[in-house]
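Structure file upload-v5.cif (mmCIF, C-alpha atoms) follows.
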data_query
loop_
_atom_site.label_atom_id
_atom_site.label_comp_id
_atom_site.auth_asym_id
_atom_site.auth_seq_id
_atom_site.Cartn_x
_atom_site.Cartn_y
_atom_site.Cartn_z
CA MET J 248 -34.82 -21.33 -14.16
CA GLU J 249 -37.73 -19.56 -15.77
CA GLN J 250 -38.73 -17.35 -12.88
CA GLU J 251 -35.24 -15.88 -12.52
CA LYS J 252 -35.73 -12.76 -14.55
CA GLY J 253 -33.16 -10.59 -12.86
CA ARG J 254 -29.62 -10.30 -14.12
CA TYR J 255 -27.03 -9.57 -11.46
CA LEU J 256 -24.34 -7.46 -13.11
CA TYR J 257 -20.69 -7.80 -12.18
CA GLY J 258 -19.10 -5.79 -14.92
CA VAL J 259 -18.61 -5.10 -18.60
CA ALA J 260 -15.64 -6.43 -20.57
CA ALA J 261 -14.38 -6.22 -24.12
CA SER J 262 -15.14 -9.61 -25.66
CA GLU J 263 -17.45 -10.64 -28.46
CA ARG J 264 -17.55 -14.31 -27.52
CA ALA J 265 -20.25 -15.64 -25.18
CA THR J 266 -18.32 -17.23 -22.32
CA ARG J 267 -19.20 -19.35 -19.30
CA LEU J 268 -17.08 -18.53 -16.30
CA GLY J 269 -18.51 -21.28 -14.10
CA PRO J 270 -20.08 -21.33 -10.62
CA LEU J 271 -17.98 -18.51 -9.16
CA GLY J 272 -20.79 -16.11 -8.52
CA ILE J 273 -22.49 -15.00 -5.35
CA GLU J 274 -23.70 -18.14 -3.55
CA GLY J 275 -22.07 -20.27 -6.23
CA ARG J 276 -24.23 -18.98 -9.08
CA ASP J 277 -23.18 -19.74 -12.64
CA VAL J 278 -21.54 -16.72 -14.19
CA TYR J 279 -21.69 -16.11 -17.92
CA THR J 280 -21.51 -13.30 -20.43
CA ILE J 281 -24.15 -11.62 -22.57
CA THR J 282 -22.61 -10.00 -25.62
CA TYR J 283 -23.36 -7.04 -27.81
CA GLU J 284 -20.86 -6.49 -30.63
CA ASP J 285 -17.43 -6.43 -28.99
CA PHE J 286 -18.70 -5.87 -25.43
CA CYS J 287 -20.06 -8.32 -22.93
CA ALA J 288 -21.83 -8.00 -19.63
CA ILE J 289 -20.73 -10.46 -16.94
CA VAL J 290 -23.84 -11.70 -15.14
CA HIS J 291 -25.65 -14.38 -13.22
CA ASN J 292 -29.38 -15.12 -13.24
CA CYS J 293 -31.30 -14.22 -10.11
CA PRO J 294 -34.78 -13.30 -8.93
CA ASN J 295 -35.85 -9.65 -9.04
CA GLU J 296 -34.71 -9.11 -5.50
CA PRO J 297 -31.65 -7.55 -3.99
CA TYR J 298 -29.24 -9.53 -1.87
CA GLN J 299 -29.86 -8.52 1.71
CA SER J 300 -28.76 -9.81 5.05
CA ASN J 301 -28.25 -8.67 8.60
CA ASP J 302 -25.35 -11.01 8.93
CA GLU J 303 -22.13 -9.15 8.38
CA GLU J 304 -20.23 -12.32 7.49
CA ILE J 305 -22.74 -13.15 4.75
CA VAL J 306 -22.51 -9.65 3.29
CA LYS J 307 -18.73 -9.90 3.32
CA SER J 308 -18.82 -13.26 1.56
CA TRP J 309 -21.14 -11.84 -1.12
CA VAL J 310 -18.93 -8.83 -1.68
CA SER J 311 -15.87 -11.08 -1.83
CA ALA J 312 -17.59 -13.27 -4.43
CA HIS J 313 -18.48 -10.13 -6.42
CA GLN J 314 -14.83 -9.12 -6.33
CA GLY J 315 -13.71 -12.69 -7.17
CA VAL J 316 -15.77 -12.69 -10.36
CA LEU J 317 -14.26 -9.36 -11.39
CA ASP J 318 -10.77 -10.76 -10.76
CA GLU J 319 -11.48 -13.79 -12.91
CA ALA J 320 -13.01 -11.62 -15.64
CA LYS J 321 -9.96 -9.36 -15.62
CA GLU J 322 -7.77 -12.43 -16.00
CA ARG J 323 -9.78 -13.59 -19.01
CA PHE J 324 -10.76 -10.38 -20.76
CA GLY J 325 -8.07 -7.89 -19.76
CA VAL J 326 -10.23 -4.84 -19.12
CA VAL J 327 -13.35 -4.88 -16.96
CA ILE J 328 -15.63 -2.01 -16.00
CA PRO J 329 -16.89 -2.94 -12.53
CA PHE J 330 -20.42 -2.55 -11.22
CA GLY J 331 -21.03 -1.95 -7.55
CA PHE J 332 -22.43 -4.76 -5.44
CA ASP J 333 -26.16 -5.54 -5.81
CA THR J 334 -26.69 -4.02 -9.24
CA ILE J 335 -29.55 -6.06 -10.67
CA LEU J 336 -31.16 -5.39 -14.00
CA GLN J 337 -34.77 -6.31 -14.51
CA PRO J 338 -36.86 -6.53 -17.68
CA GLY J 339 -39.38 -3.73 -18.00
CA ASP J 340 -42.10 -5.93 -19.48
CA GLU J 341 -43.04 -9.57 -19.97
CA ALA J 342 -42.37 -9.54 -23.69
CA THR J 343 -38.65 -8.76 -23.54
CA SER J 344 -36.28 -11.46 -22.36
CA PRO J 345 -33.88 -10.46 -19.56
CA ASP J 346 -30.88 -11.18 -21.77
CA GLN J 347 -32.32 -8.88 -24.42
CA VAL J 348 -32.68 -6.09 -21.86
CA VAL J 349 -28.97 -6.47 -21.08
CA LYS J 350 -28.11 -6.39 -24.79
CA ASP J 351 -30.27 -3.33 -25.34
CA TRP J 352 -28.59 -1.60 -22.46
CA LEU J 353 -25.11 -2.43 -23.83
CA LYS J 354 -26.22 -1.08 -27.17
CA GLY J 355 -27.65 2.09 -25.68
CA ASP J 356 -24.59 2.83 -23.55
CA TYR J 357 -22.09 1.57 -26.09
CA GLU J 358 -20.25 4.82 -26.75
CA ARG J 359 -20.02 5.69 -23.11
CA LEU J 360 -18.73 2.23 -22.24
CA ARG J 361 -16.18 2.52 -25.00
CA SER J 362 -14.83 5.78 -23.64
CA ILE J 363 -14.60 4.37 -20.10
CA MET J 364 -12.85 1.29 -21.46
CA LYS J 365 -10.30 3.53 -23.12
CA LYS J 366 -9.71 5.44 -19.92
CA ILE J 367 -9.09 2.36 -17.76
CA ARG J 368 -7.21 0.11 -20.18
CA ASP J 369 -3.90 -1.08 -18.68
CA ARG J 370 -4.76 0.68 -15.45
CA ASP J 371 -5.90 -0.40 -12.01
CA GLU J 372 -7.20 1.36 -8.98
CA TYR J 373 -5.12 1.58 -5.80
CA GLY J 374 -6.10 2.81 -2.39
CA VAL J 375 -3.58 5.03 -0.64
CA GLN J 376 -4.01 6.16 2.93
CA ILE J 377 -1.37 8.13 4.76
CA PHE J 378 -1.31 8.44 8.53
CA TYR J 379 0.78 10.42 10.99
CA LYS J 380 1.17 10.04 14.70
CA SER J 381 -0.73 12.78 16.47
CA SER J 382 2.03 13.09 19.07
CA LEU J 383 4.36 13.97 16.22
CA ILE J 384 2.41 17.00 15.11
CA GLY J 385 2.29 18.40 18.64
CA ARG J 386 6.01 17.97 19.05
CA GLN J 387 6.80 19.50 15.69
CA ILE J 388 4.75 22.62 16.14
CA ALA J 389 6.08 23.09 19.67
CA GLU J 390 9.58 23.00 18.22
CA GLN J 391 8.92 25.04 15.11
CA SER J 392 6.38 27.70 15.98
CA LYS J 393 7.94 30.89 17.35
CA GLU J 394 4.54 32.12 18.46
CA ILE J 395 3.95 29.04 20.57
CA GLN J 396 7.36 29.24 22.12
CA LYS J 397 6.74 32.87 22.97
CA LEU J 398 3.34 32.12 24.53
CA LYS J 399 4.81 29.29 26.56
CA ALA J 400 7.53 31.54 27.89
CA GLU J 401 4.96 34.15 28.87
CA ILE J 402 2.74 31.62 30.60
CA ALA J 403 5.65 30.55 32.76
CA MET J 404 5.93 34.08 34.14
CA LYS J 405 2.24 34.83 34.69
CA SER J 406 -0.01 34.47 37.71
CA PRO J 407 -2.23 31.35 37.64
CA GLY J 408 -5.29 33.37 36.52
CA MET J 409 -3.49 35.07 33.66
CA ALA J 410 -1.76 31.84 32.74
CA TYR J 411 -5.17 30.28 32.26
CA ILE J 412 -6.16 32.92 29.73
CA TYR J 413 -2.83 32.64 27.98
CA ARG J 414 -3.23 28.88 27.85
CA GLN J 415 -6.49 29.30 25.97
CA ASP J 416 -4.70 31.48 23.45
CA LEU J 417 -2.02 28.86 23.23
CA GLU J 418 -4.58 26.19 22.39
CA LYS J 419 -6.07 28.32 19.65
CA VAL J 420 -2.69 29.06 18.14
CA ALA J 421 -1.64 25.42 18.42
CA LYS J 422 -4.78 24.29 16.62
CA ALA J 423 -4.23 26.73 13.77
CA GLU J 424 -0.59 25.70 13.53
CA MET J 425 -1.57 22.04 13.46
CA GLU J 426 -3.95 22.64 10.62
CA LYS J 427 -1.31 24.57 8.75
CA LEU J 428 1.25 21.84 9.23
CA ALA J 429 -1.18 19.04 8.28
CA ASP J 430 -2.11 21.05 5.23
CA SER J 431 1.50 21.34 4.14
CA TRP J 432 2.01 17.59 4.71
CA PHE J 433 -1.10 16.91 2.65
CA LYS J 434 0.20 19.02 -0.21
CA ASP J 435 3.63 17.46 -0.01
CA CYS J 436 2.32 13.86 -0.05
CA TYR J 437 -0.27 14.57 -2.71
CA GLY J 438 2.39 16.23 -4.85
CA ARG J 439 4.58 13.14 -4.65
CA ILE J 440 1.76 10.77 -5.56
CA ARG J 441 -0.01 12.75 -8.26
CA PRO J 442 2.57 12.37 -11.08
CA ASP J 443 2.25 8.56 -10.98
CA CYS J 444 -1.54 8.60 -11.34
CA ASP J 445 -3.76 9.15 -14.35
CA ASP J 446 -6.59 10.21 -12.13
CA ILE J 447 -7.17 10.66 -8.41
CA VAL J 448 -10.26 10.80 -6.24
CA ILE J 449 -9.70 12.46 -2.88
CA GLU J 450 -11.80 10.49 -0.41
CA LYS J 451 -12.95 11.67 2.97
CA THR J 452 -10.51 10.79 5.72
CA ARG J 453 -11.69 8.46 8.44
CA LYS J 454 -10.98 8.03 12.10
CA ALA J 455 -7.87 5.95 12.59
CA ASP J 456 -6.94 3.75 15.49
CA GLY J 457 -4.85 4.76 18.48
CA ASP J 458 -2.44 7.62 18.07
CA ARG J 459 -2.74 7.67 14.30
CA VAL J 460 -4.48 10.38 12.30
CA MET J 461 -5.46 9.84 8.66
CA LEU J 462 -3.92 12.65 6.67
CA LEU J 463 -4.87 11.56 3.20
CA ASN J 464 -7.25 9.02 1.70
CA LEU J 465 -6.94 8.60 -2.05
CA SER J 466 -8.24 6.37 -4.80
CA CYS J 467 -5.66 6.36 -7.56
CA LEU J 468 -5.99 5.23 -11.16
CA VAL J 469 -2.51 4.00 -12.05
CA HIS J 470 -1.02 2.68 -15.27
CA LYS J 471 0.58 -0.71 -14.79
CA GLU J 472 3.98 0.73 -15.64
CA LYS J 473 3.68 3.40 -12.96
CA VAL J 474 2.83 1.11 -10.04
CA ASP J 475 6.45 0.50 -9.04
CA SER J 476 7.22 4.18 -9.12
CA LEU J 477 4.17 4.93 -6.97
CA GLY J 478 5.28 2.19 -4.57
CA ARG J 479 8.72 3.77 -4.26
CA GLY J 480 7.22 7.19 -3.56
CA LEU J 481 4.99 5.71 -0.88
CA GLU J 482 7.93 3.84 0.61
CA GLU J 483 9.70 7.19 1.09
CA ILE J 484 6.68 8.61 2.87
CA ASN J 485 6.34 5.44 4.95
CA ASN J 486 9.95 5.86 6.06
CA MET J 487 9.42 9.41 7.25
CA ASP J 488 9.46 9.72 11.03
CA GLY J 489 5.93 9.32 12.45
CA PHE J 490 4.31 8.52 9.11
CA SER J 491 2.77 5.30 7.86
CA VAL J 492 1.18 4.33 4.55
CA HIS J 493 -1.56 1.85 3.72
CA PHE J 494 -1.33 0.83 0.07
CA SER J 495 -4.02 -1.51 -1.26
CA GLY J 496 -4.83 -2.94 -4.65
CA PRO J 497 -4.95 -3.62 -7.47
CA TRP J 498 -8.71 -3.05 -7.48
CA PRO J 499 -11.03 -2.79 -10.44
CA PRO J 500 -11.41 0.93 -11.16
CA TYR J 501 -14.59 1.27 -9.08
CA SER J 502 -13.91 4.94 -8.35
CA PHE J 503 -13.37 5.96 -11.95
CA VAL J 504 -16.35 4.56 -13.84
CA ALA J 505 -19.44 5.95 -12.16
CA ARG J 506 -19.63 9.59 -12.99
CA ALA J 507 -19.12 9.25 -16.69
CA VAL J 508 -21.99 6.79 -17.01
CA VAL J 509 -24.82 8.67 -15.38
CA PRO J 510 -26.65 9.82 -18.48
CA VAL J 511 -27.44 13.49 -18.74
CA LYS J 512 -30.44 14.44 -20.80
CA GLY J 513 -29.70 16.66 -23.70
CA GLU J 514 -26.05 15.64 -24.01
CA MET B 294 6.46 -0.67 -1.15
CA GLU B 295 4.10 -3.24 -2.61
CA PRO B 296 0.32 -2.88 -2.71
CA SER B 297 -1.57 -5.49 -0.76
CA ARG B 298 -5.05 -6.97 -0.87
CA ASP B 299 -4.85 -9.71 1.71
CA THR B 300 -4.92 -8.16 5.14
CA HIS B 301 -7.96 -7.46 7.23
CA ALA B 302 -7.45 -3.75 6.63
CA THR B 303 -7.98 -4.14 2.90
CA LEU B 304 -11.45 -5.57 3.47
CA VAL B 305 -12.52 -2.04 4.33
CA ASP B 306 -10.96 -0.86 1.07
CA LEU B 307 -13.00 -3.44 -0.81
CA LEU B 308 -16.27 -2.63 0.97
CA ASP B 309 -15.70 1.09 0.45
CA ARG B 310 -15.44 0.49 -3.24
CA ALA B 311 -17.77 -2.39 -4.04
CA LEU B 312 -20.63 -1.01 -1.95
CA ASP B 313 -20.20 2.63 -2.71
CA LYS B 314 -18.93 2.87 -6.24
CA GLY B 315 -18.82 1.23 -9.63
CA LEU B 316 -20.74 1.67 -12.83
CA ILE B 317 -24.30 2.90 -12.45
CA LEU B 318 -27.25 1.74 -14.50
CA ASN B 319 -30.08 3.93 -15.68
CA ALA B 320 -32.62 3.88 -12.88
CA ASP B 321 -35.40 2.50 -15.03
CA LEU B 322 -33.41 -0.68 -15.64
CA MET B 323 -32.70 -1.32 -12.00
CA ILE B 324 -34.82 -3.46 -9.76
CA HIS B 325 -37.26 -1.33 -7.84
CA ILE B 326 -38.56 -1.60 -4.34
CA ALA B 327 -41.91 0.07 -3.83
CA GLY B 328 -41.36 2.06 -7.01
CA ILE B 329 -37.92 3.42 -6.03
CA PRO B 330 -34.83 2.12 -7.83
CA LEU B 331 -32.67 -0.03 -5.59
CA LEU B 332 -29.92 2.48 -6.05
CA GLY B 333 -31.75 4.92 -3.83
CA VAL B 334 -32.97 2.67 -1.10
CA LYS B 335 -30.07 0.27 -1.09
CA LEU B 336 -29.36 0.81 2.55
CA SER B 337 -32.58 1.58 4.28
CA ALA B 338 -34.71 -1.05 2.60
CA ALA B 339 -32.43 -3.53 0.96
CA LEU B 340 -28.94 -4.32 2.04
CA ALA B 341 -29.20 -4.68 5.75
CA GLY B 342 -25.46 -4.92 5.93
CA MET B 343 -26.23 -1.56 7.44
CA GLU B 344 -24.47 -2.52 10.61
CA THR B 345 -21.39 -3.30 8.59
CA MET B 346 -21.57 0.13 7.05
CA LEU B 347 -22.10 1.88 10.35
CA LYS B 348 -19.22 -0.01 11.80
CA TYR B 349 -16.91 1.13 9.07
CA GLY B 350 -18.35 4.62 9.18
CA ILE B 351 -19.26 4.81 5.52
CA TRP B 352 -23.00 4.63 5.86
CA GLN B 353 -23.84 8.25 5.67
CA ASP B 354 -21.74 9.36 2.72
CA TRP B 355 -22.77 6.35 0.78
CA ASP B 356 -26.43 6.77 1.48
CA GLU B 357 -26.40 10.44 0.59
CA ALA B 358 -24.42 9.90 -2.59
CA GLN B 359 -26.67 7.08 -3.76
CA ARG B 360 -29.77 9.01 -2.91
CA SER B 361 -28.65 12.07 -4.80
CA ILE B 362 -27.84 10.00 -7.87
CA ALA B 363 -31.12 8.14 -7.62
CA THR B 364 -32.97 11.40 -7.20
CA GLU B 365 -31.31 12.89 -10.26
CA GLU B 366 -32.14 9.76 -12.19
CA ARG B 367 -35.74 9.84 -11.12
CA MET B 368 -36.03 13.47 -12.01
CA LYS B 369 -34.95 12.63 -15.50
CA THR B 370 -37.20 9.62 -15.74
CA LEU B 371 -40.22 11.46 -14.46
CA GLY B 372 -39.38 14.78 -16.07
CA LEU B 373 -39.76 16.59 -12.79
CA ALA B 374 -38.24 19.88 -11.73
CA PRO B 375 -35.98 19.93 -8.65
CA GLU B 376 -38.60 21.57 -6.42
CA GLU B 377 -41.15 18.97 -7.39
CA MET B 378 -38.70 16.34 -6.24
CA LEU B 379 -38.65 17.63 -2.70
CA HIS B 380 -41.89 15.93 -1.96
CA LEU B 381 -40.71 12.66 -3.43
CA SER B 382 -37.38 12.68 -1.64
CA ARG B 383 -39.19 13.25 1.63
CA ILE B 384 -41.18 10.12 1.02
CA VAL B 385 -38.01 8.19 0.19
CA ARG B 386 -36.38 9.29 3.40
#
Let's see the structure in the file written out as structure tokens.
Amino acid sequence: MEQEKGRYLYGVAASERATRLGPLGIEGRDVYTITYEDFCAIVHNCPNEPYQSNDEEIVKSWVSAHQGVLDEAKERFGVVIPFGFDTILQPGDEATSPDQVVKDWLKGDYERLRSIMKKIRDRDEYGVQIFYKSSLIGRQIAEQSKEIQKLKAEIAMKSPGMAYIYRQDLEKVAKAEMEKLADSWFKDCYGRIRPDCDDIVIEKTRKADGDRVMLLNLSCLVHKEKVDSLGRGLEEINNMDGFSVHFSGPWPPYSFVARAVVPVKGE
Amino acid sequence: MEPSRDTHATLVDLLDRALDKGLILNADLMIHIAGIPLLGVKLSAALAGMETMLKYGIWQDWDEAQRSIATEERMKTLGLAPEEMLHLSRIVR
């Protein structure tokens, strides 16, 4: 279609052969590759417009299709540098064909792409989230902290007015103790996971459901030979009283390709 | 313990990654909306999966991160100094 000048980008792989992947794309679009030397961009043709919808289910189906293409590309080409959803390249002028713009970009970013490729070869991204039960932390500090035990004993002997003031102190101390304990758990868990990862991004923790608190939210770049070892480490954490682990993947290394590619002038 | 990708919970993992991360193109190659690369206005103007994002609580970080990258990119493209960008970023917001 002539008017479809945009190129929706799924990822970049190492392959010098132009390949058709078939109608796997977003909304069943035909996915194919545009090559430059030994790299290819995995694309489909689209208008110069972003995909947008208010319908959550539609957005989910688009993102799933985006991921599906990356899975297929990984299967075929081995290593794929993923783009985020809705990355659409457009030609700057009428004279240059959209495919040529993609080629020119591959050429321009060639060295950078090569170094990313080297970093992620034989590796996948995994999501690791560790939760603890909030009731656990309260119980543990009540048992362990001498200061809290002392305050509690004092409260028991005070008049109601004084007990109120002491209780405020108790809350403050408990909060500090909780933070200290969570911090030590964080360090302990992180320390167990780190050796199995080539790279880690510490993500912001999110609100969890019910009694659970998210202690740690990590994106891990893991060599394929280290995945079992990481799984065993997480199993140990998962078996600890009051702890649970969410372990997802393998994902394309979304979290490990962005920074290195933002070009910095003068570099 | 085996990693999983099939449960409902891993959908959030996918959205976190596919919407927030991945390789970034030079801003001048991206499609633009009203002169701003999609990168920077992805949420407010383009992908109205906004509700999805709000629901999963990743809207704000994502938006800020994308905006800061887009702003940096535009600064380079336009050759502007950071203080000159203030005006522009106000318009974008």
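Residues matching the PyMOL selection byres ((chain B and resi 316) around 7) in this structure come to Pro329, Phe330, Gly331, Val504, Ala505 and Val508 of chain J; Lys314, Gly315, Ile317 and Leu318 of chain B.
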> Where does the PyMOL selection byres ((chain J) within 6 of (chain B)) land in this file, that is, which residues does it pick, as a PyMOL selection string?
Replying inline: chain J and resi 299-301+303+329-332+335-337+478-479+482+494-496+501-502+504-505
Atoms to include: C-alpha atoms. Write the selected residues as an mmCIF file, keeping the file's coordinate frame.
data_model
loop_
_atom_site.group_PDB
_atom_site.id
_atom_site.type_symbol
_atom_site.label_atom_id
_atom_site.label_comp_id
_atom_site.auth_asym_id
_atom_site.auth_seq_id
_atom_site.Cartn_x
_atom_site.Cartn_y
_atom_site.Cartn_z
ATOM 1 C CA GLN J 299 -29.860 -8.520 1.710
ATOM 2 C CA SER J 300 -28.760 -9.810 5.050
ATOM 3 C CA ASN J 301 -28.250 -8.670 8.600
ATOM 4 C CA GLU J 303 -22.130 -9.150 8.380
ATOM 5 C CA PRO J 329 -16.890 -2.940 -12.530
ATOM 6 C CA PHE J 330 -20.420 -2.550 -11.220
ATOM 7 C CA GLY J 331 -21.030 -1.950 -7.550
ATOM 8 C CA PHE J 332 -22.430 -4.760 -5.440
ATOM 9 C CA ILE J 335 -29.550 -6.060 -10.670
ATOM 10 C CA LEU J 336 -31.160 -5.390 -14.000
ATOM 11 C CA GLN J 337 -34.770 -6.310 -14.510
ATOM 12 C CA GLY J 478 5.280 2.190 -4.570
ATOM 13 C CA ARG J 479 8.720 3.770 -4.260
ATOM 14 C CA GLU J 482 7.930 3.840 0.610
ATOM 15 C CA PHE J 494 -1.330 0.830 0.070
ATOM 16 C CA SER J 495 -4.020 -1.510 -1.260
ATOM 17 C CA GLY J 496 -4.830 -2.940 -4.650
ATOM 18 C CA TYR J 501 -14.590 1.270 -9.080
ATOM 19 C CA SER J 502 -13.910 4.940 -8.350
ATOM 20 C CA VAL J 504 -16.350 4.560 -13.840
ATOM 21 C CA ALA J 505 -19.440 5.950 -12.160
#
Enclosing box along x, y and z for every listed atom of region 257-273 of chain J, padded 6 Å each side, centre and size in Å, one decimal, as lines of an AutoDock Vina configuration file:
center_x = -18.4
center_y = -13.2
center_z = -16.9
size_x = 20.1
size_y = 28.2
size_z = 35.1
> Which protein, DNA or RNA residues have an atom at most 12 Å from (-29.5, -14.5, -12.5), counting only C-alpha atoms? List them as a VMD selection string.
Replying inline: chain J and resid 248 to 257 270 272 to 281 289 to 298 333 to 337 345 to 346 349
I need the chosen residues saved as a short mmCIF file (atom, residue, chain, number, x, y, z; two decimals), in the frame of the given file, with C-alpha atoms.
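Once everything was written out, this is selection.cif:
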data_model
loop_
_atom_site.label_atom_id
_atom_site.label_comp_id
_atom_site.auth_asym_id
_atom_site.auth_seq_id
_atom_site.Cartn_x
_atom_site.Cartn_y
_atom_site.Cartn_z
CA MET J 248 -34.82 -21.33 -14.16
CA GLU J 249 -37.73 -19.56 -15.77
CA GLN J 250 -38.73 -17.35 -12.88
CA GLU J 251 -35.24 -15.88 -12.52
CA LYS J 252 -35.73 -12.76 -14.55
CA GLY J 253 -33.16 -10.59 -12.86
CA ARG J 254 -29.62 -10.30 -14.12
CA TYR J 255 -27.03 -9.57 -11.46
CA LEU J 256 -24.34 -7.46 -13.11
CA TYR J 257 -20.69 -7.80 -12.18
CA PRO J 270 -20.08 -21.33 -10.62
CA GLY J 272 -20.79 -16.11 -8.52
CA ILE J 273 -22.49 -15.00 -5.35
CA GLU J 274 -23.70 -18.14 -3.55
CA GLY J 275 -22.07 -20.27 -6.23
CA ARG J 276 -24.23 -18.98 -9.08
CA ASP J 277 -23.18 -19.74 -12.64
CA VAL J 278 -21.54 -16.72 -14.19
CA TYR J 279 -21.69 -16.11 -17.92
CA THR J 280 -21.51 -13.30 -20.43
CA ILE J 281 -24.15 -11.62 -22.57
CA ILE J 289 -20.73 -10.46 -16.94
CA VAL J 290 -23.84 -11.70 -15.14
CA HIS J 291 -25.65 -14.38 -13.22
CA ASN J 292 -29.38 -15.12 -13.24
CA CYS J 293 -31.30 -14.22 -10.11
CA PRO J 294 -34.78 -13.30 -8.93
CA ASN J 295 -35.85 -9.65 -9.04
CA GLU J 296 -34.71 -9.11 -5.50
CA PRO J 297 -31.65 -7.55 -3.99
CA TYR J 298 -29.24 -9.53 -1.87
CA ASP J 333 -26.16 -5.54 -5.81
CA THR J 334 -26.69 -4.02 -9.24
CA ILE J 335 -29.55 -6.06 -10.67
CA LEU J 336 -31.16 -5.39 -14.00
CA GLN J 337 -34.77 -6.31 -14.51
CA PRO J 345 -33.88 -10.46 -19.56
CA ASP J 346 -30.88 -11.18 -21.77
CA VAL J 349 -28.97 -6.47 -21.08
#
>> I'd like the interatomic distance between CA of Gln314 (chain J) and CA of His470 (chain J), to a tenth of an Å.
In response: 20.2 Å
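One finds CA of Leu462 (chain J) at 11.2 Å from CA of Asp435 (chain J).
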>> At a cut-off of 10 Å around the point (6.1, 10.4, -3.4) (file coordinates), what residues fall inside when counting only C-alpha atoms? I'd like the answer as a PyMOL selection string.
In response: chain J and resi 435-443+476-485
> Hey, can you check how far CA of Ala288 (chain J) sits from CA of Leu468 (chain J)?
Replying inline: 22.3 Å
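Applied to the shown file, the PyMOL selection byres ((chain J and resi 283) around 10) selects the residues Ala261, Ser262, Glu263, Arg264, Ala265, Thr280, Ile281, Thr282, Glu284, Asp285, Phe286, Cys287, Ala288, Gln347, Val349, Lys350, Asp351, Trp352, Leu353, Lys354 and Tyr357 of chain J.
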> So which residues touch Phe378 (chain J) within 9 Å, counting all atoms listed in the file, skipping near sequence neighbours fewer than 3 positions away, as a list in words?
Replying inline: Ala455, Arg459, Val460, Met461, Leu462, Leu463, Asn485, Gly489, Phe490, Ser491, Val492 and His493 of chain J
>> Let me make sure I understand: among J:Cys467, J:Val448, J:Val375, J:Val316, which one has the smallest atom-to-atom distance to Leu271 (chain J) if we use all atoms listed in the file?
In response: J:Val316
> Which polymer residues have any atom within 10 Å of an atom of Lys321 (chain J), counting all atoms listed in the file, with same-chain residues fewer than 6 positions away left out, as a list of chain:residue names?
Replying inline: J:Gly258, J:Ala260, J:Gly315, J:Val327, J:Ile328, J:Pro329, J:Pro499
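With all atoms listed in the file as the basis for measurement, J:Arg386 is the residue among J:Arg386, J:Lys405, J:Lys451, J:Arg267 that approaches Ala421 (chain J) most closely.
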